[in-house]
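> I'd like to ask some things about the structure below.
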Amino acid sequence: MQTEEYIKAGKIAAEVREMVRVKDWIGKSVYDICEEVEGEIKKRGAKCAFPVNASINEIAAHYTAEPNDSITIKDTDLVKIDLGAQINGYIADTAVTVCYDAQFDGLVQAAEEALANAMSMIKTGVKASDIGRTIETTIKKMGFKPIANLSGHSLDQYTIHAGKSIPNIWSIGGFSLSENSAYACEPFVTTEKGGGFVRNGKIKNIFALNSRKKTKNDEADRLLDFVWENFNMLPFALRWITKEWEEKKARELLDILIKKKAVQAYPVLMEINEQPVAQAEHTFIPNEEGVTVTTRAQ
Ligand code: MN
Ligand code: MN
């Protein structure tokens, strides 16, 4: 447990998120957004804990820009920007939803308010299921639906999902928060017409190492080593390897690694009724005094 590194990563992630929140992204490409936000993280002395996600409308999560991605932000889009900073593998995971269309204001507010209410109840020993209940109640009172099959998670060094889940709905059982452990809480909200669940989409543009077992293909093994040395077991994007390999070659090698199960590809997650989704997220550490929300805005 490296509290100082968690706090340093959190401060950087919070600063970048607040920059993202107020910026006018209309007309910008998803590629430019991801690259710019990742640049802001690095500029402040952290590494990216994962590729910046820019997930639009009914895509709830896990979309990052392809190399030269030409999708651009429209003034009617609802965009979840989810970003992660890490120092020596200690991660700050935070997200904000940006939109320029007043019809989505309620949805965004519901995600923010659910997160704020969850944060205000955090202390050592609080049950994750009670956090889920607070999130669900807040969202439903505002006339919306939580996404039931997306959740917050425990964090560990070089590990984003460290095994424990903080649900966005009330559920039986679950664990209690441990002192001096890091967690992320991330309410996802959709409209009443939404199913309140996500399903896997076809697109997969976020990857992570599964194993370091060699494939016996020299070039593919070189990519495997490159990924390990640069990203450890954390997620990465094709954009991050096309600086070393030409895009076509990078895709070929990545496919080999995926077939050999050395690398895993993560599909985008879409709302089952194709309804828009908003998200808010903080990373926090319960402690003696109560809680340190490492990604709290300064
Ligand atoms: Mn996140
Ligand atoms: Mn997260």
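Residues in the structure tokens are named by chain (A, B, ... in the order shown) and by number from 1 within that chain; ligands are numbered from 1 in the order shown.
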Which residues come within 8 Å of stretch 151-162 of chain A, counting only C-alpha atoms, excluding same-chain residues fewer than 2 positions away, as a list in words?

Ala49, Asn88, Gly89, Tyr90, Ile91, Ala148, Asn149, Lys164, Ser165, Ile166, Pro167, Asn168, Ser181, Ala182, Tyr183, Ala184, Cys185, Glu186, Pro187, Asn232, Met233 and Leu234 of chain A

> Once you count only C-alpha atoms and all ligand atoms, what closest atom pair and distance in Å to one decimal does each residue of chain A within 9 Å of ligand 1 have, with rows by chain and rising residue number, as JSON lines?


```
{"residue": "A:Phe50", "atom": "CA", "partner": "ligand 1", "partner_atom_place_in_ligand_line": "1 (Mn)", "distance": 8.8}
{"residue": "A:Val52", "atom": "CA", "partner": "ligand 1", "partner_atom_place_in_ligand_line": "1 (Mn)", "distance": 8.8}
{"residue": "A:Asn53", "atom": "CA", "partner": "ligand 1", "partner_atom_place_in_ligand_line": "1 (Mn)", "distance": 8.1}
{"residue": "A:Ala61", "atom": "CA", "partner": "ligand 1", "partner_atom_place_in_ligand_line": "1 (Mn)", "distance": 8.6}
{"residue": "A:Ile81", "atom": "CA", "partner": "ligand 1", "partner_atom_place_in_ligand_line": "1 (Mn)", "distance": 8.4}
{"residue": "A:Asp82", "atom": "CA", "partner": "ligand 1", "partner_atom_place_in_ligand_line": "1 (Mn)", "distance": 4.8}
{"residue": "A:Leu83", "atom": "CA", "partner": "ligand 1", "partner_atom_place_in_ligand_line": "1 (Mn)", "distance": 5.9}
{"residue": "A:Gly84", "atom": "CA", "partner": "ligand 1", "partner_atom_place_in_ligand_line": "1 (Mn)", "distance": 6.6}
{"residue": "A:Ala92", "atom": "CA", "partner": "ligand 1", "partner_atom_place_in_ligand_line": "1 (Mn)", "distance": 8.5}
{"residue": "A:Asp93", "atom": "CA", "partner": "ligand 1", "partner_atom_place_in_ligand_line": "1 (Mn)", "distance": 4.8}
{"residue": "A:Thr94", "atom": "CA", "partner": "ligand 1", "partner_atom_place_in_ligand_line": "1 (Mn)", "distance": 5.0}
{"residue": "A:Ala95", "atom": "CA", "partner": "ligand 1", "partner_atom_place_in_ligand_line": "1 (Mn)", "distance": 5.6}
{"residue": "A:Gly152", "atom": "CA", "partner": "ligand 1", "partner_atom_place_in_ligand_line": "1 (Mn)", "distance": 8.5}
{"residue": "A:Ile160", "atom": "CA", "partner": "ligand 1", "partner_atom_place_in_ligand_line": "1 (Mn)", "distance": 8.8}
{"residue": "A:Ala184", "atom": "CA", "partner": "ligand 1", "partner_atom_place_in_ligand_line": "1 (Mn)", "distance": 7.7}
{"residue": "A:Cys185", "atom": "CA", "partner": "ligand 1", "partner_atom_place_in_ligand_line": "1 (Mn)", "distance": 8.7}
{"residue": "A:Glu186", "atom": "CA", "partner": "ligand 1", "partner_atom_place_in_ligand_line": "1 (Mn)", "distance": 7.3}
{"residue": "A:Ala280", "atom": "CA", "partner": "ligand 1", "partner_atom_place_in_ligand_line": "1 (Mn)", "distance": 8.5}
{"residue": "A:Glu281", "atom": "CA", "partner": "ligand 1", "partner_atom_place_in_ligand_line": "1 (Mn)", "distance": 6.4}
{"residue": "A:His282", "atom": "CA", "partner": "ligand 1", "partner_atom_place_in_ligand_line": "1 (Mn)", "distance": 8.1}
{"residue": "A:Thr283", "atom": "CA", "partner": "ligand 1", "partner_atom_place_in_ligand_line": "1 (Mn)", "distance": 8.9}
```

> Give me a file of those residues, with C-alpha atoms, as a short mmCIF file (atom, residue, chain, number, x, y, z; two decimals), in the first residue's frame.


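Output (again_27.cif):
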```
data_model
loop_
_atom_site.label_atom_id
_atom_site.label_comp_id
_atom_site.auth_asym_id
_atom_site.auth_seq_id
_atom_site.Cartn_x
_atom_site.Cartn_y
_atom_site.Cartn_z
CA PHE A 50 -5.02 2.57 -19.39
CA VAL A 52 -8.27 7.09 -22.27
CA ASN A 53 -11.80 5.86 -22.94
CA ALA A 61 -17.44 2.09 -21.63
CA ILE A 81 -14.20 10.33 -20.68
CA ASP A 82 -12.61 7.79 -18.37
CA LEU A 83 -8.93 8.31 -17.57
CA GLY A 84 -6.29 6.68 -15.42
CA ALA A 92 -6.05 6.75 -9.98
CA ASP A 93 -9.14 5.89 -12.02
CA THR A 94 -11.65 8.69 -12.65
CA ALA A 95 -14.31 9.66 -15.16
CA GLY A 152 -16.65 -0.18 -9.13
CA ILE A 160 -7.17 -2.13 -12.17
CA ALA A 184 -12.94 2.97 -7.46
CA CYS A 185 -16.64 3.77 -7.38
CA GLU A 186 -18.33 4.41 -10.73
CA ALA A 280 -18.92 9.52 -12.93
CA GLU A 281 -16.00 7.93 -11.08
CA HIS A 282 -13.63 8.51 -8.19
CA THR A 283 -10.80 6.52 -6.61
#
```

> For stretch 243-247 of chain A, list every protein, DNA or RNA residue within 10 Å, evaluated using only C-alpha atoms, and leave out those in the same chain fewer than 6 positions away; present the list as a VMD selection string.

chain A and resid 67 223 226 253

> Would you pick out the contacts of A:Val98 at 10 Å or less, using only C-alpha atoms, so that residues sharing its chain but fewer than 6 positions from it are not included, and give the list as a ChimeraX atom specification?

/A:20-25,56,77-81,104-105,108,278-279

> Just how far from atom CA of A:Pro51 is atom CA of A:Ala208, in Å to one decimal?

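Computing it gives 10.6 Å between the two atoms.
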
> Please report, as number ranges by chain, each residue of stretch 194-238 of chain A to which DSSP assigns helix (DSSP H, G or I) when run on this structure's backbone.

A: 218-231, 238

> What residues in stretch 24-236 of chain A get the DSSP label strand (DSSP E or B)? Please answer as a PyMOL selection string.

chain A and resi 29+47-48+53-56+59-61+72+78-87+90-99+127+145-146+151-156+159+165-167+176+182-185+188-190+198-209+236

> May I have the residues within 9 Å of A:Asn273 as a PDB file with N, CA and C atoms, in the first residue's frame, using only C-alpha atoms and disregarding those fewer than 4 positions away in the same chain?


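Saved result, around04.pdb, follows:
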```
ATOM      1  N   GLU A  58     -24.779   5.486 -26.373  1.00  0.00           N
ATOM      2  CA  GLU A  58     -25.165   4.171 -25.815  1.00  0.00           C
ATOM      3  C   GLU A  58     -23.965   3.284 -25.539  1.00  0.00           C
ATOM      4  N   LYS A 193     -36.059   4.262 -20.277  1.00  0.00           N
ATOM      5  CA  LYS A 193     -36.260   3.335 -21.418  1.00  0.00           C
ATOM      6  C   LYS A 193     -35.124   2.336 -21.535  1.00  0.00           C
ATOM      7  N   GLY A 194     -34.029   2.618 -20.858  1.00  0.00           N
ATOM      8  CA  GLY A 194     -32.876   1.709 -20.910  1.00  0.00           C
ATOM      9  C   GLY A 194     -33.197   0.403 -20.209  1.00  0.00           C
ATOM     10  N   GLY A 195     -32.446  -0.640 -20.572  1.00  0.00           N
ATOM     11  CA  GLY A 195     -32.623  -1.924 -19.901  1.00  0.00           C
ATOM     12  C   GLY A 195     -31.916  -1.949 -18.568  1.00  0.00           C
ATOM     13  N   GLY A 196     -30.953  -1.032 -18.403  1.00  0.00           N
ATOM     14  CA  GLY A 196     -30.190  -1.011 -17.162  1.00  0.00           C
ATOM     15  C   GLY A 196     -29.094  -2.065 -17.124  1.00  0.00           C
ATOM     16  N   PHE A 197     -28.734  -2.556 -18.312  1.00  0.00           N
ATOM     17  CA  PHE A 197     -27.631  -3.514 -18.440  1.00  0.00           C
ATOM     18  C   PHE A 197     -26.805  -3.152 -19.671  1.00  0.00           C
ATOM     19  N   VAL A 198     -25.559  -3.595 -19.688  1.00  0.00           N
ATOM     20  CA  VAL A 198     -24.755  -3.485 -20.913  1.00  0.00           C
ATOM     21  C   VAL A 198     -24.492  -4.877 -21.476  1.00  0.00           C
TER      22      VAL A 198
END
```

> Quick one: residues within 9 Å of A:Asn68, only C-alpha atoms counted, chain neighbours fewer than 4 positions away excluded, as a list in words?

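My list of contacting residues is Ser29, Val30, Tyr31, Asp32 and Arg239 of chain A.
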
> Please produce an output containing N, CA and C atoms for each residue in the selection, written as a compact mmCIF listing (two decimals), in the first residue's frame.


```txt
# COMPACT_ATOMS: atom_id res chain seq x y z
N SER A 29 -11.93 15.13 -32.94
CA SER A 29 -11.98 13.69 -33.17
C SER A 29 -11.68 12.95 -31.87
N VAL A 30 -12.20 11.74 -31.79
CA VAL A 30 -11.94 10.89 -30.63
C VAL A 30 -10.44 10.63 -30.51
N TYR A 31 -9.78 10.54 -31.66
CA TYR A 31 -8.33 10.34 -31.66
C TYR A 31 -7.63 11.52 -30.97
N ASP A 32 -7.99 12.72 -31.36
CA ASP A 32 -7.36 13.91 -30.76
C ASP A 32 -7.66 14.00 -29.27
N ARG A 239 -2.94 2.25 -30.74
CA ARG A 239 -2.24 3.55 -30.90
C ARG A 239 -0.91 3.57 -30.17
```

> Which residue gives the smallest distance to ligand 2 among A:Glu274, A:Gly290, A:Ala85, A:Leu224, with only C-alpha atoms and all ligand atoms counted?

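That would be A:Ala85, the residue with the smallest distance to ligand 2.
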
> Write out as a list in words the residues lying within 6 Å of A:Ile73, counting only C-alpha atoms and excluding same-chain residues fewer than 5 positions away.

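Contacts, in chain order: Ile26, Gly27 and Lys28 of chain A.
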
> Can you tell me how far atom CA of A:Arg296 sits from atom CA of A:Lys11, in Å to one decimal?

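Separation between atom CA of A:Arg296 and atom CA of A:Lys11: 7.6 Å.
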
> Pick the closest to A:Ile206 from A:Asp130, A:Glu66, A:Glu271, A:Glu4: which is it, counting only C-alpha atoms?

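Under the stated criterion, the closest residue is A:Glu66.
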
> Which residue gives the smallest distance to ligand 2 among A:Leu150, A:Leu107, A:Met270, A:Val189, with only C-alpha atoms and all ligand atoms counted?

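Closest residue, counting only C-alpha atoms and all ligand atoms: A:Leu150.
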
> Could you tell me which of A:Arg212, A:Phe188, A:Lys141, A:Glu36 comes closest to ligand 2 if we count only C-alpha atoms and all ligand atoms?

A:Phe188

> Between atom CA of A:Ser129 and atom CA of A:Ile285, what distance in Å does the model show, to one decimal?

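Between atom CA of A:Ser129 and atom CA of A:Ile285 the gap works out to 17.3 Å.
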
> Considering only C-alpha atoms and all ligand atoms, state which residue in the set A:His62, A:Gln2, A:Ser178, A:Lys202 is at the smallest distance from ligand 2.

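Among A:His62, A:Gln2, A:Ser178, A:Lys202, it is A:His62 that comes nearest to ligand 2.
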
> Name the closest residue to A:Asn230 among the candidates A:Glu179, A:Leu209, A:Asn117, A:Ile256; distances are taken between atoms, counting only C-alpha atoms.

A:Leu209
